[in-house]
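Structure data (compact mmCIF, C-alpha atoms) from my_file_4.txt:
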```txt
# COMPACT_ATOMS: atom_id res chain seq x y z
CA MET J 1 -19.76 -2.05 4.15
CA GLN J 2 -20.86 1.56 4.02
CA SER J 3 -22.49 3.04 1.01
CA GLU J 4 -20.72 5.66 -1.03
CA SER J 5 -23.28 8.36 -0.29
CA LEU J 6 -23.04 7.82 3.45
CA GLN J 7 -19.28 8.22 3.21
CA LYS J 8 -19.70 11.37 1.19
CA PHE J 9 -22.19 12.82 3.62
CA GLY J 10 -19.98 11.91 6.55
CA PHE J 11 -17.00 13.57 4.98
CA VAL J 12 -18.81 16.78 4.05
CA ALA J 13 -20.19 17.06 7.59
CA LEU J 14 -16.76 16.37 9.05
CA MET J 15 -15.23 18.95 6.74
CA ILE J 16 -17.72 21.60 7.85
CA LEU J 17 -17.26 20.71 11.52
CA MET J 18 -13.48 20.79 11.29
CA GLY J 19 -13.55 23.99 9.27
CA LEU J 20 -15.79 25.79 11.76
CA ALA J 21 -13.77 24.41 14.68
CA SER J 22 -10.45 25.51 13.26
CA LEU J 23 -11.80 28.96 12.38
CA GLY J 24 -12.88 29.35 15.98
CA VAL J 25 -16.58 29.77 15.13
CA LEU J 26 -17.56 27.01 17.53
CA ASP J 27 -15.45 28.23 20.44
CA GLY J 28 -17.51 28.20 23.63
CA GLN J 29 -20.76 27.46 21.79
CA ILE J 30 -23.52 25.16 23.15
CA MET P 1 14.47 21.19 -23.50
CA ALA P 2 11.35 19.68 -22.07
CA LYS P 3 10.86 15.98 -22.68
CA ARG P 4 7.54 14.38 -23.15
CA PHE P 5 7.07 11.59 -20.64
CA SER P 6 7.22 8.30 -22.56
CA GLY P 7 4.35 8.91 -24.92
CA GLU P 8 2.77 6.09 -26.83
CA PHE P 9 4.54 7.07 -30.04
CA SER P 10 7.91 8.07 -28.60
CA PRO P 11 10.95 6.12 -29.78
CA ASP P 12 10.88 3.95 -26.67
CA GLY P 13 7.12 4.02 -26.46
CA ARG P 14 4.93 1.12 -25.52
CA ASN P 15 3.40 0.78 -28.93
CA GLN P 16 5.95 -1.65 -30.26
CA PRO P 17 4.82 -5.16 -31.01
CA GLY P 18 5.67 -7.59 -28.23
CA ALA P 19 6.23 -4.81 -25.73
CA LYS P 20 5.54 -5.79 -22.16
CA PRO P 21 2.72 -4.04 -20.35
CA GLY P 22 3.66 -1.00 -18.34
CA PRO P 23 4.39 -1.17 -14.64
CA LEU P 24 1.05 0.27 -13.64
CA VAL P 25 -1.11 -2.30 -15.35
CA GLY P 26 -3.46 -3.79 -12.81
CA ALA P 27 -2.67 -1.18 -10.19
CA LYS P 28 -5.61 0.62 -8.70
CA PRO P 29 -5.60 4.37 -8.17
CA SER P 30 -5.44 5.26 -4.53
CA ARG P 31 -8.76 6.58 -3.28
CA HIS P 32 -9.46 9.47 -0.98
CA ARG P 33 -6.45 11.54 -2.02
CA LEU P 34 -8.35 14.81 -2.22
CA ARG P 35 -10.07 14.11 1.08
CA LEU P 36 -6.74 13.45 2.75
CA LEU P 37 -5.36 16.70 1.40
CA ILE P 38 -8.37 18.56 2.80
CA LEU P 39 -7.86 16.93 6.18
CA PHE P 40 -4.24 18.06 6.18
CA LEU P 41 -5.21 21.63 5.23
CA LEU P 42 -8.22 22.19 7.49
CA PRO P 43 -6.31 22.46 10.80
CA LEU P 44 -3.99 25.16 9.44
CA PRO P 45 -6.23 28.17 10.35
CA LEU P 46 -5.85 27.08 13.98
CA LEU P 47 -2.17 27.89 13.81
CA PHE P 48 -2.75 31.42 12.51
CA LEU P 49 -5.77 32.26 14.65
CA GLY P 50 -4.08 30.81 17.73
CA LEU P 51 -1.36 33.44 17.49
CA GLY P 52 -3.76 36.20 18.49
CA LYS P 53 -4.94 34.46 21.63
CA PRO P 54 -3.71 34.43 25.22
CA PRO P 55 -0.91 31.90 25.85
CA LEU P 56 -3.01 29.06 27.25
CA ALA P 57 -5.61 29.26 24.50
CA MET P 58 -2.83 29.51 21.93
CA ALA P 59 -1.17 26.36 23.30
CA VAL P 60 -4.47 24.49 23.20
CA ASP P 61 -5.07 25.58 19.61
CA PHE P 62 -1.60 24.47 18.57
CA ILE P 63 -2.02 21.10 20.24
CA ALA P 64 -5.39 20.74 18.52
CA ALA P 65 -3.82 21.45 15.13
CA ALA P 66 -0.99 18.99 15.81
CA THR P 67 -3.48 16.31 16.85
CA LEU P 68 -5.59 16.81 13.75
CA ILE P 69 -2.57 16.67 11.45
CA LEU P 70 -1.31 13.54 13.21
CA ALA P 71 -4.75 12.01 12.70
CA ALA P 72 -4.64 12.82 8.98
CA TRP P 73 -1.21 11.23 8.74
CA LEU P 74 -2.37 8.09 10.54
CA LEU P 75 -5.37 7.94 8.25
CA GLN P 76 -3.11 8.16 5.22
CA ASP P 77 -1.09 5.19 6.45
CA GLY P 78 -4.24 3.34 7.41
CA LEU P 79 -5.71 3.77 3.94
CA LYS P 80 -2.47 2.58 2.39
CA ALA P 81 -2.49 -0.50 4.59
CA GLU P 82 -6.13 -1.14 3.74
CA ASN P 83 -5.38 -0.95 0.02
CA ALA P 84 -2.59 -3.46 0.46
CA TYR P 85 -4.98 -5.67 2.44
CA ASN P 86 -7.57 -5.49 -0.32
CA ASP P 87 -5.00 -6.25 -3.03
CA ARG P 88 -3.84 -9.47 -1.41
CA LYS P 89 -5.73 -12.69 -1.30
CA ILE P 90 -4.18 -13.65 1.99
CA ALA P 91 -3.71 -10.90 4.50
CA ARG P 92 -3.52 -10.40 8.20
CA ARG P 93 -5.33 -7.65 10.00
CA PRO P 94 -3.14 -4.67 10.79
CA ALA P 95 -1.28 -4.91 14.08
CA PHE P 96 -2.07 -1.30 14.88
CA PRO P 97 -5.56 -0.04 13.92
CA ARG P 98 -4.52 3.24 12.34
CA LYS P 99 -7.87 4.34 10.99
CA ILE P 100 -9.63 3.87 14.31
CA CYS P 101 -6.86 5.81 16.04
CA ALA P 102 -7.20 8.52 13.41
CA SER P 103 -10.92 8.79 14.18
CA VAL P 104 -10.25 9.05 17.91
CA LEU P 105 -7.50 11.62 17.41
CA THR P 106 -9.72 13.67 15.09
CA GLY P 107 -12.36 13.70 17.83
CA ILE P 108 -9.82 14.83 20.40
CA GLY P 109 -8.45 17.46 18.04
CA ILE P 110 -11.88 18.90 17.30
CA ALA P 111 -12.71 18.93 21.02
CA LEU P 112 -9.49 20.82 21.75
CA ALA P 113 -10.10 23.23 18.90
CA THR P 114 -13.62 24.08 20.05
CA MET P 115 -12.65 24.35 23.70
CA ASP P 116 -12.65 27.97 24.80
CA VAL P 117 -12.86 28.16 28.56
CA LEU P 118 -12.95 25.37 31.08
CA SER P 119 -16.72 25.65 31.36
CA GLY P 120 -16.97 24.85 27.67
CA ILE P 121 -15.64 21.33 28.06
CA PRO P 122 -18.96 19.42 27.79
CA GLY P 123 -19.82 21.23 24.57
CA ALA P 124 -16.34 20.67 23.16
CA ALA P 125 -16.51 16.99 24.09
CA LEU P 126 -19.79 16.71 22.24
CA TYR P 127 -18.28 18.24 19.11
CA GLY P 128 -15.35 15.88 19.48
CA ILE P 129 -17.55 12.81 19.69
CA VAL P 130 -19.58 13.92 16.67
CA GLY P 131 -16.35 14.57 14.77
CA GLY P 132 -14.94 11.15 15.62
CA ILE P 133 -18.12 9.40 14.53
CA LEU P 134 -18.28 11.38 11.28
CA HIS P 135 -14.64 10.51 10.63
CA SER P 136 -15.21 6.79 11.03
CA PHE P 137 -18.32 7.07 8.84
CA SER P 138 -16.45 8.72 6.01
CA PHE P 139 -13.32 6.57 6.07
CA GLY P 140 -14.51 3.38 7.71
CA ILE P 141 -12.51 1.38 10.19
CA ASP P 142 -9.55 -0.91 9.70
CA PRO P 143 -10.05 -4.46 8.46
CA MET P 144 -10.20 -6.33 11.75
CA ARG P 145 -10.04 -9.91 10.52
CA ASP P 146 -7.41 -12.01 8.86
CA LYS P 147 -8.36 -12.81 5.31
CA GLY P 148 -7.98 -16.08 3.45
CA MET P 149 -6.24 -17.77 6.35
CA GLU P 150 -8.54 -20.79 6.54
CA GLY P 151 -6.72 -24.07 6.18
CA ILE P 152 -3.37 -22.38 6.08
CA ASP P 153 -0.60 -22.96 8.51
CA THR P 154 -0.09 -19.65 10.31
CA PHE P 155 3.56 -20.45 10.82
CA GLN P 156 4.08 -20.99 7.09
CA THR P 157 2.22 -17.82 6.18
CA GLU P 158 4.29 -15.93 8.68
CA ARG P 159 7.45 -17.22 7.02
CA VAL P 160 6.14 -16.25 3.61
CA ALA P 161 5.20 -12.79 4.82
CA THR P 162 8.66 -12.27 6.31
CA ALA P 163 10.40 -13.51 3.17
CA LEU P 164 8.21 -11.33 0.93
CA ASP P 165 8.75 -8.29 3.13
CA LYS P 166 12.47 -8.76 2.76
CA ALA P 167 12.13 -9.25 -0.99
CA GLU P 168 10.03 -6.08 -1.25
CA GLY P 169 12.79 -4.32 0.62
CA TYR P 170 15.34 -5.42 -1.99
CA LEU P 171 13.03 -4.17 -4.74
CA ALA P 172 12.68 -0.81 -3.02
CA GLU P 173 16.46 -0.49 -2.70
CA MET P 174 16.81 -1.44 -6.33
CA LYS P 175 14.40 1.27 -7.39
CA ASP P 176 16.21 3.75 -5.19
CA ALA P 177 19.48 2.88 -6.86
CA ALA P 178 17.91 3.13 -10.32
CA LEU P 179 16.84 6.69 -9.49
CA ARG P 180 20.49 7.61 -9.22
CA ALA P 181 21.11 6.68 -12.83
CA GLY P 182 18.92 9.65 -13.70
CA ASP P 183 17.46 8.02 -16.75
CA ARG P 184 13.80 7.51 -17.47
CA GLY P 185 14.41 4.42 -19.57
CA VAL P 186 16.32 2.73 -16.76
CA MET P 187 13.54 3.53 -14.29
CA ALA P 188 10.94 2.07 -16.62
CA ARG P 189 13.07 -1.03 -17.18
CA VAL P 190 13.52 -1.61 -13.46
CA ASP P 191 9.81 -1.05 -12.89
CA ARG P 192 9.05 -3.71 -15.46
CA PHE P 193 11.40 -6.16 -13.79
CA GLN P 194 9.74 -5.45 -10.46
CA THR P 195 6.33 -6.18 -11.93
CA THR P 196 7.58 -9.61 -13.01
CA ALA P 197 9.08 -10.23 -9.58
CA ARG P 198 5.84 -9.23 -7.87
CA VAL P 199 3.83 -11.65 -10.00
CA MET P 200 6.07 -14.35 -8.59
CA PHE P 201 5.58 -13.00 -5.06
CA ARG P 202 1.84 -13.36 -5.46
CA THR P 203 2.27 -16.95 -6.64
CA VAL P 204 4.27 -17.82 -3.53
CA GLU P 205 1.79 -15.97 -1.39
CA GLU P 206 -1.10 -17.96 -2.75
CA ASP P 207 0.62 -21.23 -1.97
CA PRO P 208 3.05 -20.87 0.94
CA ARG P 209 4.44 -24.34 0.28
CA ASP P 210 6.23 -22.84 -2.71
CA LEU P 211 8.39 -20.78 -0.43
CA SER P 212 11.25 -23.22 -0.02
CA ALA P 213 11.38 -23.79 -3.78
CA ALA P 214 11.36 -20.07 -4.50
CA ARG P 215 13.59 -18.94 -1.68
CA LYS P 216 16.60 -18.50 -3.93
CA PHE P 217 14.58 -16.19 -6.15
CA LEU P 218 13.34 -14.10 -3.25
CA GLY P 219 16.77 -13.81 -1.72
CA ILE P 220 20.00 -14.38 -3.56
CA TYR P 221 18.84 -13.36 -7.02
CA LEU P 222 17.13 -10.22 -5.85
CA VAL P 223 20.15 -9.22 -3.78
CA ALA P 224 22.34 -9.78 -6.83
CA ALA P 225 19.93 -7.76 -8.98
CA ARG P 226 19.98 -4.96 -6.44
CA ASP P 227 23.78 -4.95 -6.24
CA ALA P 228 24.03 -4.97 -10.01
CA THR P 229 21.60 -2.06 -10.19
CA VAL P 230 23.63 -0.08 -7.66
CA LYS P 231 26.87 -0.60 -9.56
CA PHE P 232 25.20 0.04 -12.90
CA ALA P 233 23.51 3.24 -11.73
CA ASP P 234 26.75 4.69 -10.41
CA LEU P 235 28.62 3.84 -13.56
CA PHE P 236 25.88 4.89 -15.94
CA ALA P 237 25.35 8.23 -14.19
CA GLN P 238 28.98 9.07 -14.96
CA THR P 239 29.53 7.56 -18.37
CA ARG P 240 26.12 7.28 -20.06
CA ASP P 241 27.63 4.34 -21.90
CA ALA P 242 25.15 2.63 -24.21
CA GLN P 243 26.93 -0.72 -23.92
CA THR P 244 26.57 -0.69 -20.12
CA LEU P 245 22.89 0.03 -20.53
CA ALA P 246 22.50 -2.82 -22.99
CA ASP P 247 24.30 -5.21 -20.63
CA PHE P 248 22.11 -4.19 -17.73
CA ASP P 249 19.01 -4.56 -19.86
CA ALA P 250 20.13 -8.04 -20.91
CA LEU P 251 20.74 -8.99 -17.28
CA LEU P 252 17.25 -7.92 -16.27
CA THR P 253 15.75 -9.72 -19.25
CA ASP P 254 17.55 -12.92 -18.22
CA LEU P 255 16.38 -12.55 -14.66
CA GLU P 256 12.83 -11.92 -15.82
CA ALA P 257 12.92 -15.02 -17.93
CA SER P 258 14.15 -17.15 -15.04
CA PHE P 259 11.56 -15.69 -12.68
CA GLU P 260 8.84 -16.49 -15.21
CA ALA P 261 10.18 -20.01 -15.72
CA LYS P 262 10.34 -20.64 -11.98
CA ARG P 263 6.82 -19.38 -11.54
CA GLU P 264 5.53 -21.71 -14.18
CA LYS P 265 7.38 -24.57 -12.55
CA LEU P 266 5.77 -23.76 -9.23
CA LEU P 267 2.36 -23.80 -10.84
CA VAL P 268 3.14 -27.15 -12.46
CA ALA P 269 4.15 -28.51 -9.05
CA ASP P 270 0.79 -27.39 -7.69
CA ARG P 271 -0.82 -29.14 -10.60
CA SER P 272 0.94 -32.43 -9.92
CA ASP P 273 -0.07 -32.17 -6.25
CA LEU P 274 -3.65 -31.92 -7.41
CA ASP P 275 -3.21 -34.84 -9.79
CA ILE P 276 -1.93 -37.01 -6.97
CA GLU P 277 -4.89 -36.05 -4.78
CA ILE P 278 -7.31 -36.94 -7.57
CA GLU P 279 -5.50 -40.21 -8.26
CA VAL P 280 -5.64 -41.26 -4.62
CA LEU P 281 -9.30 -40.45 -4.35
CA ARG P 282 -10.16 -42.34 -7.54
CA ASP P 283 -8.22 -45.40 -6.36
CA ARG P 284 -10.05 -45.33 -3.12
CA LEU P 285 -13.43 -45.03 -4.78
CA LYS P 286 -12.54 -47.92 -7.07
CA ARG P 287 -11.50 -50.06 -4.16
CA ASP P 288 -14.74 -49.34 -2.38
CA GLY P 289 -16.62 -50.29 -5.52
CA LEU P 290 -18.14 -46.87 -5.96
CA LEU P 291 -16.52 -45.94 -9.24
CA ILE P 292 -18.65 -47.45 -11.95
CA ASN P 293 -17.39 -46.23 -15.32
CA ASP P 294 -13.81 -47.37 -15.14
```
Do you think you could lay out the structure here as structure tokens?
Amino acid sequence: MQSESLQKFGFVALMILMGLASLGVLDGQI
Amino acid sequence: MAKRFSGEFSPDGRNQPGAKPGPLVGAKPSRHRLRLLILFLLPLPLLFLGLGKPPLAMAVDFIAAATLILAAWLLQDGLKAENAYNDRKIARRPAFPRKICASVLTGIGIALATMDVLSGIPGAALYGIVGGILHSFSFGIDPMRDKGMEGIDTFQTERVATALDKAEGYLAEMKDAALRAGDRGVMARVDRFQTTARVMFRTVEEDPRDLSAARKFLGIYLVAARDATVKFADLFAQTRDAQTLADFDALLTDLEASFEAKREKLLVADRSDLDIEIEVLRDRLKRDGLLIND
């Protein structure tokens, strides 16, 4: 069972990652 | 004119003495709805930004968006299945692990979305992996084990599950037909009947041996109720006849009463099973001289 805060953190991070990815900010980075 | 949706103090409101509880009593709100919406919306910029790119990059962006949206859709189904799993006392694990697939697809989608040139693949893969892991953190994975199946004949449970699936299908068709009547009161009435039927479903589910006794209720009666609803809805939509409505209401009330009665009978049968078990054990203890105060 995962705690609520871990879920929340995971989702916010995922949201940011997906947002940046779909806006093309991360294209060709790293 | 606008109508207020069945307020507490409306003429047909729920505030009357002896009124049955509404159809949503005991139902849990579905979680994660906002999050799901966000997941559906986030890939959309890919579609617009992709348009300004060279063909290959555009295709990759479109595929990425499609993958991400597919993942969100799978997740939606997965969450629905998980809710159903949590609601039931006896449940099998899902045949197709939708949430895990959604995590994997999200990873692939993010990797595709961040991929720019071929040399960028390792970086994109890394983003994809991080995305997949974050996804499974925030939504969890599917329930992977059967629940409450100890000491239960799998064959029997399978039969119950099939019968209940069919019965749920009849209920869904009934609701669909009731929609056609275009009347809020009818919808509410049918919902209430369905709640009663579902209480019975749960009883059968908890003790699969009840299935053969309840089969008539899960089949014939529900089919008849559905057919009656179809005919009623068509007629009522045209005529709005109060007598028809009253007849239909009376039919559902009768059915409800018989469902309730049957359910109680099933519980009594369980009770007598238990009594027999206790009796046998007591006799045995007495015979072995272990029961002192008798």
For the atom pair atom CA of P:Lys262 and atom CA of P:Tyr170, what is the interatomic distance in Å to one decimal place?
18.9 Å
Quick check, in Å to one decimal: how far apart do atom CA of P:Leu51 and atom CA of P:Cys101 lie?
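Atom CA of P:Cys101 lies 28.2 Å from atom CA of P:Leu51.
The space between atom CA of P:Ala167 and atom CA of P:Ile90 spans 17.2 Å.
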So that I can check the surroundings of J:Val25, please list as number ranges by chain every protein, DNA and RNA residue that reaches within 12 Å of it, counting all atoms listed in the file and ignoring chain neighbours fewer than 6 positions away.
J: 16-19; P: 45-46, 49, 113-116
Extract, using all atoms listed in the file, all DNA, RNA and protein residues at most 10 Å from P:Phe259, discarding same-chain residues fewer than 6 positions from it, and format them as number ranges by chain.
P: 193, 196-200, 214, 217-218, 221, 253, 265
Taking the point (-12.7, 24.6, 17.7) as given in the file, collect each protein or nucleic acid residue that comes within 7 Å of it, counting only C-alpha atoms, and present the set as a list of chain:residue names.
J:Leu20, J:Ala21, J:Ser22, J:Leu23, J:Gly24, J:Val25, J:Leu26, J:Asp27, P:Ile110, P:Ala111, P:Leu112, P:Ala113, P:Thr114, P:Met115
Counting all atoms listed in the file, what is within 12 Å of J:Val12, bar same-chain residues fewer than 2 positions away, as number ranges by chain?
J: 5-10, 14-19; P: 35, 38-39, 131, 134-135, 137-139
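Residues in contact range of P:Ala237, defined as at most 12 Å between only C-alpha atoms, with sequence neighbours fewer than 6 positions away removed, read Ala177, Ala178, Leu179, Arg180, Ala181, Gly182, Asp183, Val186, Thr229, Val230, Lys231, Thr244 and Leu245 of chain P.
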Skip P:Asp77 itself and residues of its chain fewer than 4 positions away, then list as an MDAnalysis selection string all residues within 8 Å of it, counting all atoms listed in the file.
chainID P and resid 73 81 98
Preceding selection exported with C-alpha atoms as an mmCIF file, in the coordinates of the input:
```cif
data_model
loop_
_atom_site.group_PDB
_atom_site.id
_atom_site.type_symbol
_atom_site.label_atom_id
_atom_site.label_comp_id
_atom_site.auth_asym_id
_atom_site.auth_seq_id
_atom_site.Cartn_x
_atom_site.Cartn_y
_atom_site.Cartn_z
ATOM 1 C CA TRP P 73 -1.210 11.230 8.740
ATOM 2 C CA ALA P 81 -2.490 -0.500 4.590
ATOM 3 C CA ARG P 98 -4.520 3.240 12.340
#
```
With 4 Å on each side, where is the centre of the axis-aligned box around all listed atoms of stretch 262-265 of chain P, and how long are its edges in Å to one decimal, as AutoDock Vina command-line options?
```
--center_x 7.9 --center_y -22.0 --center_z -12.9 --size_x 12.8 --size_y 13.2 --size_z 10.6
```
Taking into account only C-alpha atoms, which residue in the set P:Ile121, P:Ala246, P:Ala71, P:Ala228 is nearest to chain J?
P:Ile121
In terms of the shortest atom-to-atom distance over all atoms listed in the file, which of P:Ala124, P:Ile129, P:Leu56, P:Leu79 is closest to chain J?
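Of the candidates, the smallest distance to chain J is held by P:Ala124.
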Nearest to chain J: which of P:Gly109, P:Thr67, P:Pro55, P:Ala84 is it, counting all atoms listed in the file?
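Under the stated criterion, the closest residue is P:Gly109.
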